[in-house]
Amino acid sequence: MVSRAVSETADLLAEAERSGKPVSPVRDRLPPHDVGAAYAVQRLNVERKLGGGRRIVGRKIGLTSPAVQAQLGVDRPDFGALLSDMAVPNGGTIPAGRLLQPKVEAEVALVLGTDLDVPEPGIADVIRATDFALPALEIVDSRIADWDITITDTIADNASSGLFVLGGAPVPLSGLDLRQVTMTLLRDEEKVSSGTGADCLDGPLNAAVWLAGALAEMGDSLRAGDVILTGALGPMVPAVPGNRFEARISGLGSVRVRFAQEGPAQ
């Protein structure tokens with residue numbers, strides 16, 4: 001049974017998303033440091049969206065990069081659900097006003113070819129289940145005003161999910177060392193973030209292992225076809241209308257997105 005605190009917190013975050021008006025932090029509405037309650041809020045709002053016709057297409061792992069953890073003052077990873085209407089085509093345009101306070105980060109995405117549902121997953125399980133990798137941009141967002149978040153706030157807010165963009169040239173894992181890849185993120189042709197695969201929990205495959213294990217503990221699992229955004233390879237960067245972003249990841253290629261201008265000039 002969902003507690004009143006969980007239900008009311010979910011309502012607050014859902015209204016912030018609907019209205020486009022961020023709310024104050026929700027951490028004080030839940031038991032102190034109760035990660036389980038925060039995931040219950042996340043799950044409730046995801047279930048509501050599924051009831052409205054959306055579908056889960058994968059998961060995102062957040063807070064894997066020490067740089068991002070330092071930016072937000074948290075000390076552990078988390079995860080959220082990727083829904084069907086969160087995908088933006090490579091090179092596509094994000095409409096003005098679609099997000100509240102977006103930031104962009106570059107990641108390695110894994111796409112599963114088989115289910116990953118073992119109780120204690122390891123690297124070999126992730127490799128066997130993965131069909132291919134892609135470069136990705138995650139456009140994170142927060143329904144919490146001014147990104148004033150703790151781990152509880154971000155988990156409740158679907159791990160600060162917004163949108164995501166996948167590159168279009170799948171690369172098999174065979175012969176690819178994801179720990180060694182290098183990333184450069186450009187905003188309007190200017191380098192604004194960089195990092196390596198090792199900056200993501202010492203390798204994106206480690207991040208995927210963590211996710212599969214965290215889901216297994218909750219009685220859930222990853223399925224064939226799921227997209228896994230494994231986490232930022234460098235610091236996230238704020239975005240404003242008119243910005244163009246491109247991530248280049250060695251061995252995987254590039255991925256691009258544009259933020260539309262506001263008003264009739266877009």
# chains A, B, ... in the order shown; residues from 1 in each chain; ligands from 1
>>> select_by_dssp(residues="region 115-226 of chain A", states="strand (DSSP E or B)", output="JSON, numbers by chain")
{"A": [116, 130, 131, 132, 133, 134, 135, 136, 137, 138, 139, 140, 144, 163, 164, 165, 166, 171, 182, 183, 184, 185, 186, 187, 190, 191, 192, 193, 194, 195, 196, 222]}
>>> select_by_dssp(residues="region 97-258 of chain A", states="alpha helix (DSSP H)", output="number ranges by chain")
A: 123-129, 151-156, 204-217
>>> closest_atom_pairs(of="region 216-266 of chain A", to="region 118-122 of chain A", cutoff="10 Å", atoms="only C-alpha atoms", output="tab-separated table")
residue	atom	partner	partner_atom	distance
A:Ala216	CA	A:Pro119	CA	5.7
A:Glu217	CA	A:Pro119	CA	7.8
A:Gly219	CA	A:Pro119	CA	9.1
A:Asp220	CA	A:Pro119	CA	9.8
A:Ser221	CA	A:Val118	CA	8.2
A:Leu222	CA	A:Val118	CA	9.6
>>> residues_around(residues="Ala224 (chain A)", least_positions_apart="6", cutoff="10 Å", atoms="only C-alpha atoms", output="PyMOL selection string")
chain A and resi 57-58+111-116+129-131
>>> residues_around(residues="Arg244 (chain A)", least_positions_apart="4", cutoff="10 Å", atoms="only C-alpha atoms", output="list in words")
Gly91, Thr93, Leu186, Arg187, Asp188, Glu189, Glu190, Ala239, Val240, Arg256, Val257, Arg258, Phe259 and Ala260 of chain A
>>> write_last_selection(atoms="N, CA and C atoms", output="PDB file, in the first residue's frame")
ATOM      1  N   GLY A  91      20.167  14.265 -34.156  1.00  0.00           N
ATOM      2  CA  GLY A  91      20.110  15.467 -34.966  1.00  0.00           C
ATOM      3  C   GLY A  91      18.799  16.217 -34.860  1.00  0.00           C
ATOM      4  N   THR A  93      15.415  18.228 -32.954  1.00  0.00           N
ATOM      5  CA  THR A  93      15.247  19.497 -32.252  1.00  0.00           C
ATOM      6  C   THR A  93      14.297  19.316 -31.074  1.00  0.00           C
ATOM      7  N   LEU A 186      30.520  19.111 -27.211  1.00  0.00           N
ATOM      8  CA  LEU A 186      30.565  20.460 -27.772  1.00  0.00           C
ATOM      9  C   LEU A 186      29.205  21.137 -27.616  1.00  0.00           C
ATOM     10  N   ARG A 187      29.226  22.395 -27.250  1.00  0.00           N
ATOM     11  CA  ARG A 187      28.028  23.234 -27.245  1.00  0.00           C
ATOM     12  C   ARG A 187      28.291  24.404 -28.163  1.00  0.00           C
ATOM     13  N   ASP A 188      27.547  24.478 -29.264  1.00  0.00           N
ATOM     14  CA  ASP A 188      27.749  25.533 -30.260  1.00  0.00           C
ATOM     15  C   ASP A 188      29.205  25.583 -30.703  1.00  0.00           C
ATOM     16  N   GLU A 189      29.759  24.384 -30.974  1.00  0.00           N
ATOM     17  CA  GLU A 189      31.132  24.208 -31.480  1.00  0.00           C
ATOM     18  C   GLU A 189      32.215  24.444 -30.429  1.00  0.00           C
ATOM     19  N   GLU A 190      31.840  24.753 -29.207  1.00  0.00           N
ATOM     20  CA  GLU A 190      32.834  24.970 -28.138  1.00  0.00           C
ATOM     21  C   GLU A 190      32.877  23.749 -27.225  1.00  0.00           C
ATOM     22  N   ALA A 239      21.775  23.991 -20.701  1.00  0.00           N
ATOM     23  CA  ALA A 239      21.339  24.269 -22.069  1.00  0.00           C
ATOM     24  C   ALA A 239      20.295  25.370 -22.057  1.00  0.00           C
ATOM     25  N   VAL A 240      20.348  26.225 -23.082  1.00  0.00           N
ATOM     26  CA  VAL A 240      19.358  27.282 -23.253  1.00  0.00           C
ATOM     27  C   VAL A 240      18.844  27.225 -24.688  1.00  0.00           C
ATOM     28  N   ARG A 256      23.994  14.110 -31.957  1.00  0.00           N
ATOM     29  CA  ARG A 256      23.730  15.557 -31.939  1.00  0.00           C
ATOM     30  C   ARG A 256      22.281  15.842 -31.564  1.00  0.00           C
ATOM     31  N   VAL A 257      22.071  17.052 -31.041  1.00  0.00           N
ATOM     32  CA  VAL A 257      20.714  17.541 -30.785  1.00  0.00           C
ATOM     33  C   VAL A 257      20.739  19.051 -30.747  1.00  0.00           C
ATOM     34  N   ARG A 258      19.577  19.654 -31.011  1.00  0.00           N
ATOM     35  CA  ARG A 258      19.453  21.108 -30.995  1.00  0.00           C
ATOM     36  C   ARG A 258      18.279  21.496 -30.110  1.00  0.00           C
ATOM     37  N   PHE A 259      18.425  22.619 -29.410  1.00  0.00           N
ATOM     38  CA  PHE A 259      17.342  23.206 -28.640  1.00  0.00           C
ATOM     39  C   PHE A 259      16.741  24.344 -29.463  1.00  0.00           C
ATOM     40  N   ALA A 260      15.444  24.280 -29.713  1.00  0.00           N
ATOM     41  CA  ALA A 260      14.791  25.297 -30.536  1.00  0.00           C
ATOM     42  C   ALA A 260      14.856  26.664 -29.864  1.00  0.00           C
TER      43      ALA A 260
END
>>> atom_distance(atom1="CA of Gly213 (chain A)", atom2="CA of Leu13 (chain A)")
26.9 Å
>>> residues_around(residues="Ile155 (chain A)", least_positions_apart="2", cutoff="9 Å", atoms="only C-alpha atoms", output="list in words")
Val35, Ala38, Tyr39, Val41, Gln42, Asp78, Phe79, Gly80, Thr150, Ile151, Thr152, Asp153, Asp157, Asn158, Ala159 and Ser160 of chain A
>>> atom_distance(atom1="CA of Gly197 (chain A)", atom2="CA of Val227 (chain A)")
17.6 Å
>>> closest_residue(among="A:Gly162, A:Pro170, A:Gly253, A:Pro25", to="Ile149 (chain A)", atoms="only C-alpha atoms")
A:Pro25
>>> closest_residue(among="A:Glu262, A:Ala156, A:Leu178, A:Arg4", to="Pro241 (chain A)", atoms="only C-alpha atoms")
A:Glu262
>>> residues_around(residues="region 229-232 of chain A", least_positions_apart="4", cutoff="6 Å", atoms="only C-alpha atoms", output="PyMOL selection string")
chain A and resi 60-62+64-65+105-109+204+207
>>> residues_around(residues="Asp85 (chain A)", least_positions_apart="2", cutoff="8 Å", atoms="only C-alpha atoms", output="ChimeraX atom specification")
/A:54,83,87
>>> write_last_selection(atoms="N, CA and C atoms", output="PDB file, in the first residue's frame")
ATOM      1  N   ARG A  54       2.022   5.359 -22.206  1.00  0.00           N
ATOM      2  CA  ARG A  54       3.454   5.354 -22.445  1.00  0.00           C
ATOM      3  C   ARG A  54       4.020   3.978 -22.092  1.00  0.00           C
ATOM      4  N   LEU A  83      11.121   6.349 -20.802  1.00  0.00           N
ATOM      5  CA  LEU A  83       9.814   6.121 -21.390  1.00  0.00           C
ATOM      6  C   LEU A  83       9.829   6.440 -22.879  1.00  0.00           C
ATOM      7  N   ALA A  87      12.445   9.779 -26.099  1.00  0.00           N
ATOM      8  CA  ALA A  87      13.469   9.629 -27.137  1.00  0.00           C
ATOM      9  C   ALA A  87      13.369  10.746 -28.167  1.00  0.00           C
TER      10      ALA A  87
END
>>> closest_residue(among="A:Val88, A:Ile228, A:Val255, A:Leu233", to="Phe132 (chain A)", atoms="only C-alpha atoms")
A:Ile228
>>> atom_distance(atom1="CA of Lys49 (chain A)", atom2="CA of Leu30 (chain A)")
21.9 Å
>>> closest_residue(among="A:Ala81, A:Pro32, A:Leu134, A:Pro102", to="Glu47 (chain A)", atoms="only C-alpha atoms")
A:Ala81
>>> decode(residues="region 215-244 of chain A", atoms="N, CA and C atoms", output="short mmCIF file (atom, residue, chain, number, x, y, z; two decimals), in the first residue's frame")
data_model
loop_
_atom_site.label_atom_id
_atom_site.label_comp_id
_atom_site.auth_asym_id
_atom_site.auth_seq_id
_atom_site.Cartn_x
_atom_site.Cartn_y
_atom_site.Cartn_z
N LEU A 215 18.08 -3.48 -9.71
CA LEU A 215 16.74 -3.89 -10.14
C LEU A 215 16.38 -5.27 -9.59
N ALA A 216 17.35 -6.19 -9.59
CA ALA A 216 17.09 -7.54 -9.08
C ALA A 216 16.69 -7.48 -7.61
N GLU A 217 17.33 -6.60 -6.84
CA GLU A 217 16.97 -6.47 -5.42
C GLU A 217 15.55 -5.98 -5.23
N MET A 218 15.01 -5.29 -6.23
CA MET A 218 13.65 -4.77 -6.15
C MET A 218 12.65 -5.69 -6.86
N GLY A 219 13.12 -6.86 -7.31
CA GLY A 219 12.24 -7.79 -7.98
C GLY A 219 11.95 -7.44 -9.42
N ASP A 220 12.81 -6.64 -10.03
CA ASP A 220 12.63 -6.21 -11.42
C ASP A 220 13.84 -6.65 -12.23
N SER A 221 13.82 -6.43 -13.53
CA SER A 221 14.94 -6.84 -14.36
C SER A 221 14.95 -6.06 -15.66
N LEU A 222 16.02 -6.21 -16.40
CA LEU A 222 16.17 -5.61 -17.72
C LEU A 222 15.75 -6.62 -18.78
N ARG A 223 15.15 -6.11 -19.87
CA ARG A 223 14.59 -6.99 -20.89
C ARG A 223 15.24 -6.75 -22.25
N ALA A 224 15.15 -7.74 -23.11
CA ALA A 224 15.66 -7.62 -24.47
C ALA A 224 15.06 -6.38 -25.13
N GLY A 225 15.92 -5.61 -25.79
CA GLY A 225 15.49 -4.37 -26.43
C GLY A 225 15.64 -3.15 -25.56
N ASP A 226 15.85 -3.33 -24.26
CA ASP A 226 15.99 -2.18 -23.37
C ASP A 226 17.24 -1.37 -23.71
N VAL A 227 17.10 -0.07 -23.60
CA VAL A 227 18.23 0.86 -23.69
C VAL A 227 18.72 1.13 -22.27
N ILE A 228 20.03 1.05 -22.08
CA ILE A 228 20.63 1.44 -20.80
C ILE A 228 21.53 2.65 -21.04
N LEU A 229 21.16 3.78 -20.46
CA LEU A 229 22.06 4.92 -20.44
C LEU A 229 22.95 4.74 -19.23
N THR A 230 24.24 4.48 -19.47
CA THR A 230 25.11 4.00 -18.39
C THR A 230 25.63 5.08 -17.47
N GLY A 231 25.46 6.35 -17.82
CA GLY A 231 25.89 7.43 -16.94
C GLY A 231 26.88 8.37 -17.59
N ALA A 232 26.95 9.55 -17.05
CA ALA A 232 27.77 10.62 -17.65
C ALA A 232 29.25 10.27 -17.64
N LEU A 233 29.93 10.65 -18.73
CA LEU A 233 31.38 10.50 -18.82
C LEU A 233 32.11 11.78 -18.41
N GLY A 234 31.36 12.83 -18.14
CA GLY A 234 31.94 14.11 -17.73
C GLY A 234 30.87 15.00 -17.14
N PRO A 235 31.24 16.19 -16.73
CA PRO A 235 30.27 17.10 -16.11
C PRO A 235 29.11 17.43 -17.03
N MET A 236 27.92 17.57 -16.45
CA MET A 236 26.75 17.99 -17.23
C MET A 236 26.82 19.50 -17.45
N VAL A 237 26.18 19.94 -18.54
CA VAL A 237 26.31 21.32 -18.99
C VAL A 237 24.92 21.92 -19.20
N PRO A 238 24.66 23.13 -18.69
CA PRO A 238 23.34 23.75 -18.88
C PRO A 238 23.06 24.03 -20.35
N ALA A 239 21.78 23.99 -20.70
CA ALA A 239 21.34 24.27 -22.07
C ALA A 239 20.29 25.37 -22.06
N VAL A 240 20.35 26.23 -23.08
CA VAL A 240 19.36 27.28 -23.25
C VAL A 240 18.84 27.22 -24.69
N PRO A 241 17.68 27.84 -24.98
CA PRO A 241 17.15 27.82 -26.34
C PRO A 241 18.18 28.30 -27.36
N GLY A 242 18.25 27.57 -28.46
CA GLY A 242 19.19 27.90 -29.53
C GLY A 242 20.48 27.12 -29.48
N ASN A 243 20.81 26.50 -28.34
CA ASN A 243 22.05 25.73 -28.24
C ASN A 243 22.02 24.50 -29.15
N ARG A 244 23.20 24.16 -29.66
CA ARG A 244 23.39 22.91 -30.40
C ARG A 244 24.47 22.11 -29.69
#
